[in-house]
Every structure is written in structure tokens, then in C-alpha cells.
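Next comes final.pdb, with PDB, C-alpha atoms and all ligand atoms.
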MODEL        1
ATOM      1  CA  MET A   1      62.875  -8.301 -98.983
ATOM      2  CA  ILE A   2      65.879  -9.063-101.145
ATOM      3  CA  ARG A   3      65.015 -12.724-101.005
ATOM      4  CA  ALA A   4      61.420 -11.971-102.133
ATOM      5  CA  LEU A   5      62.773  -9.908-104.989
ATOM      6  CA  PHE A   6      65.121 -12.724-105.920
ATOM      7  CA  TYR A   7      62.287 -15.264-106.094
ATOM      8  CA  GLN A   8      60.097 -12.862-108.035
ATOM      9  CA  THR A   9      62.853 -12.304-110.587
ATOM     10  CA  LEU A  10      63.489 -16.017-110.788
ATOM     11  CA  THR A  11      59.791 -16.744-111.395
ATOM     12  CA  ILE A  12      59.635 -14.150-114.168
ATOM     13  CA  LEU A  13      62.814 -15.535-115.695
ATOM     14  CA  LEU A  14      61.502 -19.105-115.639
ATOM     15  CA  PHE A  15      58.241 -17.897-117.154
ATOM     16  CA  LEU A  16      60.097 -16.148-119.980
ATOM     17  CA  ILE A  17      62.237 -19.221-120.583
ATOM     18  CA  SER A  18      59.123 -21.415-120.794
ATOM     19  CA  ILE A  19      57.532 -19.011-123.303
ATOM     20  CA  SER A  20      60.611 -18.933-125.508
ATOM     21  CA  HIS A  21      60.813 -22.717-125.282
ATOM     22  CA  ALA A  22      57.171 -23.028-126.419
ATOM     23  CA  THR A  23      57.844 -20.580-129.267
ATOM     24  CA  ALA A  24      60.879 -22.526-130.441
ATOM     25  CA  GLN A  25      58.844 -25.710-130.258
ATOM     26  CA  ASP A  26      55.967 -24.279-132.350
ATOM     27  CA  ILE A  27      58.421 -23.034-134.958
ATOM     28  CA  ALA A  28      60.158 -26.414-135.049
ATOM     29  CA  TYR A  29      56.819 -28.113-135.851
ATOM     30  CA  LEU A  30      56.013 -25.584-138.587
ATOM     31  CA  LYS A  31      59.451 -26.058-140.139
ATOM     32  CA  LYS A  32      59.202 -29.815-139.979
ATOM     33  CA  HIS A  33      55.910 -29.804-141.905
ATOM     34  CA  VAL A  34      56.971 -27.253-144.530
ATOM     35  CA  TYR A  35      60.392 -28.839-145.161
ATOM     36  CA  TYR A  36      58.802 -32.249-145.605
ATOM     37  CA  LEU A  37      55.809 -31.221-147.744
ATOM     38  CA  ALA A  38      57.903 -28.943-149.963
ATOM     39  CA  SER A  39      60.893 -31.285-150.272
ATOM     40  CA  ASP A  40      61.953 -32.551-153.706
ATOM     41  CA  GLU A  41      60.888 -35.993-152.546
ATOM     42  CA  MET A  42      57.252 -34.802-152.678
ATOM     43  CA  LYS A  43      57.722 -33.643-156.299
ATOM     44  CA  GLY A  44      55.444 -30.633-155.965
ATOM     45  CA  ARG A  45      52.347 -32.607-154.838
ATOM     46  CA  GLY A  46      50.696 -32.534-158.261
ATOM     47  CA  THR A  47      47.110 -33.780-158.351
ATOM     48  CA  GLY A  48      46.928 -37.474-159.228
ATOM     49  CA  SER A  49      50.575 -38.150-158.376
ATOM     50  CA  LYS A  50      51.875 -40.785-156.015
ATOM     51  CA  GLU A  51      53.374 -37.940-153.977
ATOM     52  CA  ALA A  52      50.003 -36.186-153.562
ATOM     53  CA  ARG A  53      48.730 -39.501-152.204
ATOM     54  CA  LYS A  54      51.695 -39.595-149.839
ATOM     55  CA  THR A  55      50.943 -36.046-148.700
ATOM     56  CA  ALA A  56      47.340 -36.997-147.893
ATOM     57  CA  ASN A  57      48.675 -39.925-145.866
ATOM     58  CA  TYR A  58      51.051 -37.654-143.951
ATOM     59  CA  ILE A  59      48.172 -35.328-143.002
ATOM     60  CA  LYS A  60      45.988 -38.293-142.043
ATOM     61  CA  LYS A  61      48.725 -39.616-139.743
ATOM     62  CA  GLU A  62      49.007 -36.238-138.041
ATOM     63  CA  PHE A  63      45.207 -36.030-137.589
ATOM     64  CA  LYS A  64      45.252 -39.490-136.063
ATOM     65  CA  LYS A  65      48.092 -38.545-133.725
ATOM     66  CA  TYR A  66      46.047 -35.586-132.445
ATOM     67  CA  GLY A  67      43.072 -37.881-131.813
ATOM     68  CA  LEU A  68      40.787 -36.274-134.406
ATOM     69  CA  GLU A  69      37.804 -38.386-135.480
ATOM     70  CA  PRO A  70      37.806 -39.439-139.130
ATOM     71  CA  MET A  71      35.091 -37.453-140.929
ATOM     72  CA  GLY A  72      35.637 -38.343-144.575
ATOM     73  CA  GLU A  73      33.823 -41.056-146.506
ATOM     74  CA  LYS A  74      36.594 -43.648-146.238
ATOM     75  CA  GLY A  75      37.998 -42.931-142.805
ATOM     76  CA  TYR A  76      39.710 -39.552-143.049
ATOM     77  CA  PHE A  77      39.564 -39.491-146.857
ATOM     78  CA  GLN A  78      36.961 -38.175-149.245
ATOM     79  CA  ASP A  79      37.818 -39.236-152.802
ATOM     80  CA  PHE A  80      36.855 -37.403-155.965
ATOM     81  CA  ALA A  81      38.043 -36.876-159.518
ATOM     82  CA  ALA A  82      39.589 -33.641-160.769
ATOM     83  CA  LYS A  83      40.090 -32.586-164.358
ATOM     84  CA  VAL A  84      43.103 -30.730-165.763
ATOM     85  CA  ARG A  85      41.546 -28.016-167.926
ATOM     86  CA  ARG A  86      44.253 -25.425-168.564
ATOM     87  CA  VAL A  87      46.440 -27.670-170.692
ATOM     88  CA  THR A  88      45.762 -30.707-172.863
ATOM     89  CA  VAL A  89      47.213 -33.844-171.314
ATOM     90  CA  PRO A  90      46.371 -37.500-171.995
ATOM     91  CA  ASP A  91      45.674 -38.164-168.316
ATOM     92  CA  SER A  92      43.431 -35.148-167.737
ATOM     93  CA  LEU A  93      41.107 -36.945-165.314
ATOM     94  CA  ARG A  94      42.928 -37.454-162.025
ATOM     95  CA  LYS A  95      42.177 -38.981-158.658
ATOM     96  CA  SER A  96      42.330 -36.744-155.638
ATOM     97  CA  ARG A  97      41.116 -36.728-152.060
ATOM     98  CA  ASN A  98      40.306 -34.393-149.194
ATOM     99  CA  VAL A  99      41.593 -35.272-145.721
ATOM    100  CA  ILE A 100      39.004 -34.555-143.007
ATOM    101  CA  GLY A 101      39.348 -34.791-139.215
ATOM    102  CA  PHE A 102      36.880 -33.740-136.539
ATOM    103  CA  LEU A 103      37.615 -32.447-133.063
ATOM    104  CA  ASN A 104      34.441 -33.266-131.193
ATOM    105  CA  ASN A 105      33.830 -30.953-128.237
ATOM    106  CA  GLY A 106      30.197 -32.072-127.961
ATOM    107  CA  ALA A 107      29.056 -28.655-129.217
ATOM    108  CA  LYS A 108      26.174 -27.851-131.560
ATOM    109  CA  ARG A 109      28.179 -25.819-134.034
ATOM    110  CA  THR A 110      31.530 -26.255-135.716
ATOM    111  CA  ILE A 111      34.355 -24.083-137.029
ATOM    112  CA  VAL A 112      35.898 -25.313-140.280
ATOM    113  CA  ILE A 113      39.642 -24.813-140.722
ATOM    114  CA  GLY A 114      40.976 -25.481-144.205
ATOM    115  CA  ALA A 115      44.170 -25.448-146.296
ATOM    116  CA  HIS A 116      44.841 -27.126-149.641
ATOM    117  CA  TYR A 117      47.800 -29.490-149.852
ATOM    118  CA  ASP A 118      48.201 -29.930-153.619
ATOM    119  CA  HIS A 119      50.510 -27.847-155.786
ATOM    120  CA  LEU A 120      51.714 -27.844-159.389
ATOM    121  CA  GLY A 121      53.816 -31.018-159.430
ATOM    122  CA  GLU A 122      56.467 -30.747-162.089
ATOM    123  CA  GLY A 123      54.751 -27.913-163.865
ATOM    124  CA  LYS A 124      52.821 -30.061-166.324
ATOM    125  CA  GLN A 125      49.264 -29.287-165.218
ATOM    126  CA  GLY A 126      49.191 -25.662-166.357
ATOM    127  CA  SER A 127      49.384 -22.481-164.282
ATOM    128  CA  SER A 128      53.162 -22.422-163.771
ATOM    129  CA  ARG A 129      54.313 -18.830-164.159
ATOM    130  CA  ASP A 130      57.733 -19.872-165.371
ATOM    131  CA  SER A 131      57.599 -20.929-169.023
ATOM    132  CA  THR A 132      60.973 -22.677-168.793
ATOM    133  CA  SER A 133      59.961 -24.833-165.862
ATOM    134  CA  TYR A 134      58.166 -27.695-167.604
ATOM    135  CA  GLY A 135      59.312 -30.893-165.896
ATOM    136  CA  ILE A 136      60.902 -29.070-162.954
ATOM    137  CA  ILE A 137      59.603 -29.642-159.426
ATOM    138  CA  HIS A 138      57.445 -26.816-158.093
ATOM    139  CA  ASN A 139      57.941 -27.281-154.346
ATOM    140  CA  GLY A 140      55.133 -24.982-153.257
ATOM    141  CA  ALA A 141      56.493 -24.105-149.816
ATOM    142  CA  ASP A 142      54.377 -20.984-149.492
ATOM    143  CA  ASP A 143      51.643 -22.379-151.790
ATOM    144  CA  ASN A 144      50.533 -24.157-149.748
ATOM    145  CA  ALA A 145      52.814 -26.159-147.447
ATOM    146  CA  SER A 146      52.664 -23.047-145.234
ATOM    147  CA  GLY A 147      48.874 -23.287-144.944
ATOM    148  CA  VAL A 148      48.954 -27.032-144.264
ATOM    149  CA  ALA A 149      51.581 -26.505-141.548
ATOM    150  CA  GLY A 150      49.264 -23.859-140.052
ATOM    151  CA  LEU A 151      46.302 -26.234-140.225
ATOM    152  CA  LEU A 152      48.254 -29.023-138.527
ATOM    153  CA  GLU A 153      49.479 -26.682-135.804
ATOM    154  CA  LEU A 154      45.946 -25.438-135.059
ATOM    155  CA  ALA A 155      44.746 -29.052-134.982
ATOM    156  CA  ARG A 156      47.552 -29.974-132.592
ATOM    157  CA  HIS A 157      46.866 -26.947-130.416
ATOM    158  CA  PHE A 158      43.093 -27.335-130.068
ATOM    159  CA  SER A 159      43.304 -31.090-129.510
ATOM    160  CA  SER A 160      46.012 -30.898-126.840
ATOM    161  CA  ASN A 161      45.133 -27.758-124.872
ATOM    162  CA  ASN A 162      42.988 -29.579-122.264
ATOM    163  CA  THR A 163      40.135 -27.179-122.969
ATOM    164  CA  LYS A 164      36.700 -28.110-124.254
ATOM    165  CA  GLU A 165      35.838 -25.159-126.481
ATOM    166  CA  PRO A 166      32.130 -24.340-126.945
ATOM    167  CA  PHE A 167      32.509 -25.197-130.668
ATOM    168  CA  ASN A 168      33.766 -28.284-132.500
ATOM    169  CA  PHE A 169      36.459 -28.070-135.161
ATOM    170  CA  LEU A 170      36.455 -29.665-138.585
ATOM    171  CA  PHE A 171      39.935 -29.684-140.136
ATOM    172  CA  ILE A 172      39.985 -30.184-143.899
ATOM    173  CA  SER A 173      43.027 -30.336-146.125
ATOM    174  CA  PHE A 174      41.756 -30.037-149.694
ATOM    175  CA  GLY A 175      43.085 -31.709-152.815
ATOM    176  CA  ALA A 176      43.094 -30.240-156.338
ATOM    177  CA  GLU A 177      42.765 -26.578-155.374
ATOM    178  CA  GLU A 178      45.198 -25.623-158.123
ATOM    179  CA  LEU A 179      42.891 -27.221-160.704
ATOM    180  CA  GLY A 180      40.091 -24.821-159.725
ATOM    181  CA  LEU A 181      39.057 -25.296-156.069
ATOM    182  CA  VAL A 182      37.945 -28.838-156.944
ATOM    183  CA  GLY A 183      38.347 -30.424-153.481
ATOM    184  CA  SER A 184      36.525 -27.699-151.548
ATOM    185  CA  ARG A 185      33.708 -27.597-154.168
ATOM    186  CA  TYR A 186      33.389 -31.356-153.852
ATOM    187  CA  PHE A 187      33.188 -31.109-150.078
ATOM    188  CA  VAL A 188      30.449 -28.452-149.983
ATOM    189  CA  ASN A 189      28.431 -30.418-152.548
ATOM    190  CA  HIS A 190      28.971 -33.719-150.718
ATOM    191  CA  PRO A 191      29.323 -32.542-147.119
ATOM    192  CA  THR A 192      30.268 -35.151-144.519
ATOM    193  CA  TYR A 193      29.077 -32.725-141.860
ATOM    194  CA  PRO A 194      25.926 -30.525-142.066
ATOM    195  CA  LEU A 195      26.821 -27.186-143.655
ATOM    196  CA  SER A 196      24.037 -25.503-141.653
ATOM    197  CA  ASP A 197      25.984 -26.215-138.443
ATOM    198  CA  ILE A 198      29.153 -24.412-139.564
ATOM    199  CA  HIS A 199      29.967 -21.283-137.537
ATOM    200  CA  PHE A 200      32.438 -19.957-140.100
ATOM    201  CA  MET A 201      35.211 -21.249-142.343
ATOM    202  CA  LEU A 202      38.819 -20.167-141.869
ATOM    203  CA  ASN A 203      41.085 -20.767-144.861
ATOM    204  CA  MET A 204      44.865 -20.527-145.098
ATOM    205  CA  ASP A 205      46.508 -20.347-148.505
ATOM    206  CA  MET A 206      50.030 -18.867-148.739
ATOM    207  CA  ILE A 207      50.787 -17.558-145.262
ATOM    208  CA  GLY A 208      54.561 -17.956-145.365
ATOM    209  CA  ARG A 209      55.768 -14.702-146.952
ATOM    210  CA  PHE A 210      54.787 -12.074-144.427
ATOM    211  CA  ASN A 211      55.401  -8.516-145.556
ATOM    212  CA  PRO A 212      55.833  -6.226-142.517
ATOM    213  CA  ASP A 213      54.786  -3.154-144.504
ATOM    214  CA  ASN A 214      51.338  -4.496-145.391
ATOM    215  CA  GLY A 215      50.738  -7.184-142.784
ATOM    216  CA  VAL A 216      48.754 -10.368-143.414
ATOM    217  CA  SER A 217      45.466  -9.923-145.225
ATOM    218  CA  VAL A 218      42.292 -11.264-143.665
ATOM    219  CA  ILE A 219      39.813 -11.472-146.510
ATOM    220  CA  GLY A 220      36.087 -12.125-146.018
ATOM    221  CA  TYR A 221      35.569  -9.519-143.308
ATOM    222  CA  GLY A 222      32.319  -8.488-145.013
ATOM    223  CA  SER A 223      30.883 -12.011-145.123
ATOM    224  CA  SER A 224      29.306 -11.587-141.687
ATOM    225  CA  PRO A 225      28.183  -8.306-140.082
ATOM    226  CA  GLU A 226      29.278  -9.799-136.743
ATOM    227  CA  PHE A 227      32.916  -9.727-137.829
ATOM    228  CA  VAL A 228      32.865  -5.983-137.074
ATOM    229  CA  PRO A 229      32.180  -6.335-133.312
ATOM    230  CA  LEU A 230      34.338  -9.471-133.240
ATOM    231  CA  PHE A 231      37.390  -7.702-134.686
ATOM    232  CA  GLU A 232      36.820  -4.742-132.350
ATOM    233  CA  GLN A 233      37.808  -7.118-129.540
ATOM    234  CA  ILE A 234      41.167  -7.889-131.120
ATOM    235  CA  ILE A 235      43.892  -5.782-129.548
ATOM    236  CA  ARG A 236      45.993  -4.890-132.573
ATOM    237  CA  ASP A 237      49.113  -4.039-130.582
ATOM    238  CA  GLU A 238      49.230  -7.584-129.242
ATOM    239  CA  GLN A 239      48.968  -9.217-132.668
ATOM    240  CA  ILE A 240      50.910  -9.493-135.876
ATOM    241  CA  LYS A 241      50.065  -6.693-138.311
ATOM    242  CA  PHE A 242      46.974  -7.394-140.425
ATOM    243  CA  TYR A 243      44.421  -5.689-142.627
ATOM    244  CA  THR A 244      40.952  -6.781-143.601
ATOM    245  CA  GLY A 245      39.383  -7.246-147.027
ATOM    246  CA  TYR A 246      35.618  -7.108-147.463
ATOM    247  CA  GLU A 247      35.049  -9.724-150.201
ATOM    248  CA  GLY A 248      34.027 -13.266-149.277
ATOM    249  CA  ARG A 249      34.969 -14.508-152.709
ATOM    250  CA  GLY A 250      38.616 -14.929-153.784
ATOM    251  CA  GLY A 251      41.049 -17.278-155.468
ATOM    252  CA  SER A 252      41.054 -20.013-152.853
ATOM    253  CA  ASP A 253      38.901 -22.618-151.105
ATOM    254  CA  GLN A 254      36.933 -20.258-148.852
ATOM    255  CA  THR A 255      35.016 -19.274-152.027
ATOM    256  CA  SER A 256      33.313 -22.687-152.104
ATOM    257  CA  PHE A 257      31.978 -22.129-148.560
ATOM    258  CA  TYR A 258      31.060 -18.507-149.233
ATOM    259  CA  GLU A 259      28.946 -19.682-152.171
ATOM    260  CA  LYS A 260      26.995 -21.852-149.701
ATOM    261  CA  ASN A 261      26.236 -18.787-147.559
ATOM    262  CA  ILE A 262      28.817 -19.558-144.863
ATOM    263  CA  PRO A 263      30.870 -16.673-143.395
ATOM    264  CA  VAL A 264      34.556 -17.016-144.304
ATOM    265  CA  LEU A 265      37.944 -15.608-143.332
ATOM    266  CA  PHE A 266      40.873 -16.123-145.656
ATOM    267  CA  PHE A 267      44.458 -15.575-144.451
ATOM    268  CA  HIS A 268      47.032 -14.750-147.098
ATOM    269  CA  THR A 269      50.423 -13.018-147.087
ATOM    270  CA  GLY A 270      50.239 -12.009-150.756
ATOM    271  CA  GLY A 271      51.935 -12.677-154.062
ATOM    272  CA  HIS A 272      55.713 -12.658-154.608
ATOM    273  CA  GLU A 273      58.314 -13.281-157.282
ATOM    274  CA  ASP A 274      58.408 -17.050-156.593
ATOM    275  CA  TYR A 275      54.642 -17.504-156.857
ATOM    276  CA  HIS A 276      53.843 -20.602-158.968
ATOM    277  CA  LYS A 277      57.514 -21.031-159.840
ATOM    278  CA  PRO A 278      59.982 -23.815-158.929
ATOM    279  CA  THR A 279      61.696 -21.381-156.545
ATOM    280  CA  ASP A 280      58.874 -21.331-153.956
ATOM    281  CA  ASP A 281      61.127 -23.045-151.392
ATOM    282  CA  PRO A 282      61.070 -23.742-147.618
ATOM    283  CA  LEU A 283      64.162 -21.593-147.054
ATOM    284  CA  LYS A 284      62.203 -18.484-148.034
ATOM    285  CA  ILE A 285      59.404 -18.968-145.510
ATOM    286  CA  ASP A 286      59.176 -16.584-142.553
ATOM    287  CA  TYR A 287      58.410 -19.098-139.784
ATOM    288  CA  GLU A 288      58.369 -16.549-136.989
ATOM    289  CA  SER A 289      55.613 -14.566-138.702
ATOM    290  CA  LEU A 290      53.793 -17.743-139.689
ATOM    291  CA  ARG A 291      53.551 -18.503-135.991
ATOM    292  CA  GLY A 292      52.345 -14.927-135.367
ATOM    293  CA  ILE A 293      49.580 -15.396-137.943
ATOM    294  CA  LEU A 294      48.442 -18.549-136.133
ATOM    295  CA  LEU A 295      48.312 -16.622-132.838
ATOM    296  CA  LEU A 296      46.086 -14.030-134.523
ATOM    297  CA  GLU A 297      43.861 -16.793-135.905
ATOM    298  CA  LYS A 298      43.558 -18.393-132.478
ATOM    299  CA  GLU A 299      42.540 -15.045-131.008
ATOM    300  CA  ILE A 300      39.873 -14.540-133.695
ATOM    301  CA  ILE A 301      38.593 -18.091-133.184
ATOM    302  CA  ILE A 302      38.377 -17.589-129.408
ATOM    303  CA  LYS A 303      36.578 -14.247-129.827
ATOM    304  CA  SER A 304      34.089 -15.930-132.182
ATOM    305  CA  PHE A 305      32.937 -18.142-129.283
ATOM    306  CA  SER A 306      30.970 -15.229-127.804
ATOM    307  CA  PHE A 307      28.712 -15.157-130.899
ATOM    308  CA  PRO A 308      26.268 -18.104-130.846
ATOM    309  CA  THR A 309      25.810 -17.667-134.608
ATOM    310  CA  LEU A 310      27.423 -15.484-137.257
ATOM    311  CA  LYS A 311      24.992 -14.139-139.831
ATOM    312  CA  PHE A 312      26.042 -14.562-143.451
ATOM    313  CA  ARG A 313      26.254 -11.517-145.688
ATOM    314  CA  ASN A 314      26.675 -11.548-149.458
ATOM    315  CA  THR A 315      29.611  -9.334-150.475
ATOM    316  CA  ASP A 316      29.224  -9.537-154.256
ATOM    317  CA  PRO A 317      29.098  -6.114-155.907
ATOM    318  CA  LYS A 318      25.505  -5.205-156.764
ATOM    319  CA  GLU A 319      24.840  -4.831-160.473
TER
HETATM  320 ZN    ZN A 401      47.333 -22.096-153.158
ENDMDL
END
Could you spell out this file's structure in C-alpha cells?
Amino acid sequence: MIRALFYQTLTILLFLISISHATAQDIAYLKKHVYYLASDEMKGRGTGSKEARKTANYIKKEFKKYGLEPMGEKGYFQDFAAKVRRVTVPDSLRKSRNVIGFLNNGAKRTIVIGAHYDHLGEGKQGSSRDSTSYGIIHNGADDNASGVAGLLELARHFSSNNTKEPFNFLFISFGAEELGLVGSRYFVNHPTYPLSDIHFMLNMDMIGRFNPDNGVSVIGYGSSPEFVPLFEQIIRDEQIKFYTGYEGRGGSDQTSFYEKNIPVLFFHTGGHEDYHKPTDDPLKIDYESLRGILLLEKEIIIKSFSFPTLKFRNTDPKE
């Protein structure tokens, strides 16, 4: 009896140790990505810069490591031009690229997971909120190294979990979001995968500054009527705190998909005092909560499997 109890306790203990080990591991990956992407070496990943190119290469290498199939136009890349419109600069037309990898589960339909990797560079392309920051590196840890880290972690998870999900996954890291959703617009207008086969699009933009009072916002809840029964299956007590927003449209890349009548969910932890300033740094990211947000996303993705299709609904206010 005592011996049985001993073994039972030991098993539970080992189980708990393995969980905490996995958690520490996940957080280590997230940190690694954010600290690299938002390091001074990457100079704020401004569109057209050598460092933005380097960022795209980093993401490509990760995709390759996870065994994702290249689904761009040149391997993993889809090249396009983006124009700086907010300020007048001599080099207003800039080269950018999306990075696209496909996890083929042999399914008919596909879930798109997206996060933009570009940021404001050294504050010379407009939209810095700090007027004294011209020429200073805007690291963009929350915006959007946090989202890219999330994207890479979901890609790693779904490609290494030894499970063939009933949907495929298309992972896209967009360029030139900060210049007006240019990369995601380019993708939906030049799709490398049929848009009609997309189940829904999940976007992550700024998921590193979790506020425990509000929770993470999940915007786009109205873009499919099926999201209501889907979210009813989510046990709130087991997840990080969240709230839903009805609108499919919003200031990030999910808007491009919404405009093509694809249901969308946009994860966002909200604005803060470092938003679009040089002080958006890796040290200020809440990695524990970032991991919690990814767990919530995984749960929503898994629950979406029980819906063969998700109907699109327009959420624009009626005139
Ligand atoms: Zn952003």
C-alpha cells in the first residue's frame, strides 16, 4: 500500500517535472526568437533594409528546419515592392518579401497562420510615435517579433507533434505591414495557395504585452457565425484570460484576408507606452503569457477541426 502510494507520487512528480521542463523549453525558444529579431543588430527590420532581408532568411531557415514545404514563388519567398507613403524619401520604392511555408497533412482545407516581421527600422519610414527618434533603432520586440516568435513556435509544434491534423497549415510571415499591410495584400492578390481552400486565417500582431486586467483580445469573432459554437467549447478557466471583438477588419494583416471573405481571428495584447517607439524592447515582453496565448490559439485551432467549413460573415457596420 505504502509502496503503491510511493510509486503514484513519484509518477505524478515526474509528470510535473516533465511539464515544467516543456514549459521552460517553449519559453526559451520564444525568448531566443524575440531577442534575435529585436536585437540592435537587426536595426528595426525596416522594409528594404539588409536586416529585413536577414530576418526573412532567419524565418526561412526555421521553416526549413521544421520540414515545411516552400510555398512562395521563389522557394519560400514571395517578392514584391512596397512604397513608403507617409514621408517623402528618395528611396520610397522598396523591395520586400513574404516568407511562406506549408505543412502538408494531405487535407483538403488549410489554416493560415500569419505574423508580419517588418518594423520601423531607424524611424525614417514614418509612423514612429517618438518625434525625437529619427535615426534611432526601433527594435519592435512586441511589434512584431512577438508575433513572429509565436508563428515559429506554432510551426514547430504542428510539424513535430507526430499528429496528422485533418487540416493543412500555411505559415506566412509578411513583409511591409508597417507600410500599410502591403505583404498580406500582395499575398491575397497573388495567392500561392487557393484562397477558397482556406479554413480561416489566424493573425498575431503584438502579443507580448499581456495585461492581466483585460486579457488578450481575439478580434474577428464575428467573421464567422461558427465561431460562436466553437468558442463555447473553450473552457475559459483552463486558458489565459481573453475577450472577443466582433470586427473582422482592423489595423493588421488579417484585414487583407477578411476582405477576401475569409474568416479571421486576430490576437493582440493592446497598445502601450512603447508602441512604435525605440523602447519596444525584448526585456519588456511577458514570455510566460506569450506562451499562454499560444496554448489558447492551439486550443481554438484544434476545436476548429470539428467544423468542416467556417462560413464567412461580413462584420462591416451597415450604412
Ligand atoms: Zn505590427
Residues within 6 Å of (40.9, -7.6, -140.9), counting only C-alpha atoms, listed as a PDB file with C-alpha atoms, in the frame of the given file:
ATOM      1  CA  VAL A 218      42.292 -11.264-143.665  1.00  0.00           C
ATOM      2  CA  TYR A 243      44.421  -5.689-142.627  1.00  0.00           C
ATOM      3  CA  THR A 244      40.952  -6.781-143.601  1.00  0.00           C
TER       4      THR A 244
END
Run the PyMOL selection byres (((chain A and resi 281) around 7) and not hetatm) mentally over the shown coordinates, then write out the matched residues as a PyMOL selection string, using the chain letters and numbers from the document.
-> chain A and resi 38+139-141+279-280+282-284
- Message: Neighbouring residues of Ile111 (chain A) were defined as those with any atom within 8 Å, considering all atoms listed in the file; residues of the same chain fewer than 6 positions away were excluded. Please report them as a PyMOL selection string.
- Response: chain A and resi 167-170+198-202
Q) What does the distance between CA of Gln239 (chain A) and CA of Leu30 (chain A) come to in Å, to one decimal place? A)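 Spanning CA of Gln239 (chain A) to CA of Leu30 (chain A) is a straight-line distance of 18.8 Å.
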* Asked: Which residues come within 10 Å of Tyr58 (chain A), counting all atoms listed in the file, excluding same-chain residues fewer than 4 positions away, as a PyMOL selection string?
  -> chain A and resi 33+36-37+52-54+62-64+99
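For the point (34.5, -42.3, -141.6) in file coordinates, the residues within 12 Å, using all atoms listed in the file, are Leu68, Glu69, Pro70, Met71, Gly72, Glu73, Lys74, Gly75, Tyr76, Phe77, Gln78, Val99, Ile100, Gly101, Phe102, Thr192 and Tyr193 of chain A.
Coordinates place CA of Asn98 (chain A) at a distance of 5.3 Å from CA of Gly175 (chain A).
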How close does each residue of chain A get to ligand ZN 401 (chain A), giving the shortest atom pair and distance in Å to one decimal for every residue with an atom at most 7 Å away, counting all atoms listed in the file, sorted by chain and residue number, as a Markdown table?
| residue | atom | partner | partner_atom | distance |
| --- | --- | --- | --- | --- |
| A:His116 | CA | A:ZN401 | ZN | 6.6 |
| A:Asp143 | CA | A:ZN401 | ZN | 4.5 |
| A:Asn144 | CA | A:ZN401 | ZN | 5.1 |
| A:Glu177 | CA | A:ZN401 | ZN | 6.8 |
| A:Glu178 | CA | A:ZN401 | ZN | 6.5 |
| A:Asp205 | CA | A:ZN401 | ZN | 5.0 |
| A:Met206 | CA | A:ZN401 | ZN | 6.1 |
| A:Ser252 | CA | A:ZN401 | ZN | 6.6 |
Exercise for the section: Tell me which of A:Lys260, A:Lys298, A:Lys241, A:His276 sits closest to Ile136 (chain A), counting all atoms listed in the file. Expected result: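 Result for the nearest residue to Ile136 (chain A): A:His276.
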Distance of CA of Thr110 (chain A) from CA of Glu232 (chain A), expressed in Å to one decimal place: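 Value for the CA of Glu232 (chain A)-CA of Thr110 (chain A) distance: 22.4 Å.
For the set A:Ile59, A:Leu230, A:Ile113, A:Val188, the residue with the smallest atom-to-atom gap to Phe267 (chain A) is A:Ile113, counting all atoms listed in the file.
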task: Within 9 Å of Val216 (chain A), counting only C-alpha atoms, which residues show up once you throw out same-chain ones fewer than 4 positions away? Write them as a ChimeraX atom specification, please.
output: /A:207,209-212,240-244,267-270,293
Query - Minimum-distance residue to Gly123 (chain A), chosen among A:Gly46, A:Asp213, A:Ser96, A:Ala107 (using all atoms listed in the file) - result: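 Counting all atoms listed in the file, the residue closest to Gly123 (chain A) is A:Gly46.
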task = Check the smallest atom-to-atom distance from each of A:His119, A:Arg129, A:Arg291, A:Lys108 to Lys31 (chain A) using all atoms listed in the file, then report the winner.
result =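 The closest residue to Lys31 (chain A) is A:Arg291.
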Exercise. If the PyMOL selection byres (((chain A and resi 264) around 12) and not hetatm) is run on the structure shown, which residues does it catch, given as number ranges by chain?
Worked result: A: 111-114, 198-204, 218-227, 245-250, 252-263, 265-267, 301, 310-315
